[in-house]
Every structure is written in C-alpha cells, then in structure tokens.
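What follows is one structure encoded as structure tokens, with my remarks underneath.
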Amino acid sequence: MAYPTRHLAPDALDIDYRDAEDGDSDVVADCFICPGCGENRVDWLAWDEDGTVVTCATCGASYDPSEV
C-alpha cells in the first residue's frame, strides 16, 4: 500500500538553520562522532533517555558510542 507524500509549506516549519551553518556549534570528542556520516556537532547528536544510544539528526544513524 502506497502512502501519500506529505508536503509542508516552508513557512510551516519553525527551524532556524543559521545555527547549523555558522560553524560556531560545539563539537563532541572524536570518540563520539557519528560513524554513519561523521557528524560532530553536539546539537545534532541526541542521547536516548537511557543514555546508552546516540541518534544522529543528520543521517538518522543510531549507535552506542562505547562500541565505536
């Protein structure tokens, strides 16, 4: 079964991309960098509630930093 694609108008999103582009973002230590895409910005790497798995907002990879 195919699901319809939902398109949002650009002004329906409340996202400020300037923070992602300015290069002033804090970065994580090399051992916590996303193994999927190399993302290292703190704001784009989110820990789960248990504090065991990180999910990358850039590529969607989930990983356990202790195993990287």
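Naming scheme: A, B, ... for chains in displayed order of the structure tokens; residues 1 onward per chain; ligands 1 onward as shown.
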
Close residues, Gly36 in chain A itself excluded, 7 Å, only C-alpha atoms, min 2 positions apart in chain, as an mmCIF file with C-alpha atoms, in the first residue's frame:
data_model
loop_
_atom_site.group_PDB
_atom_site.id
_atom_site.type_symbol
_atom_site.label_atom_id
_atom_site.label_comp_id
_atom_site.auth_asym_id
_atom_site.auth_seq_id
_atom_site.Cartn_x
_atom_site.Cartn_y
_atom_site.Cartn_z
ATOM 1 C CA CYS A 34 28.674 9.654 14.186
ATOM 2 C CA GLY A 38 30.931 11.929 10.596
ATOM 3 C CA CYS A 59 21.799 10.875 8.768
ATOM 4 C CA ALA A 61 22.106 6.555 12.389
#
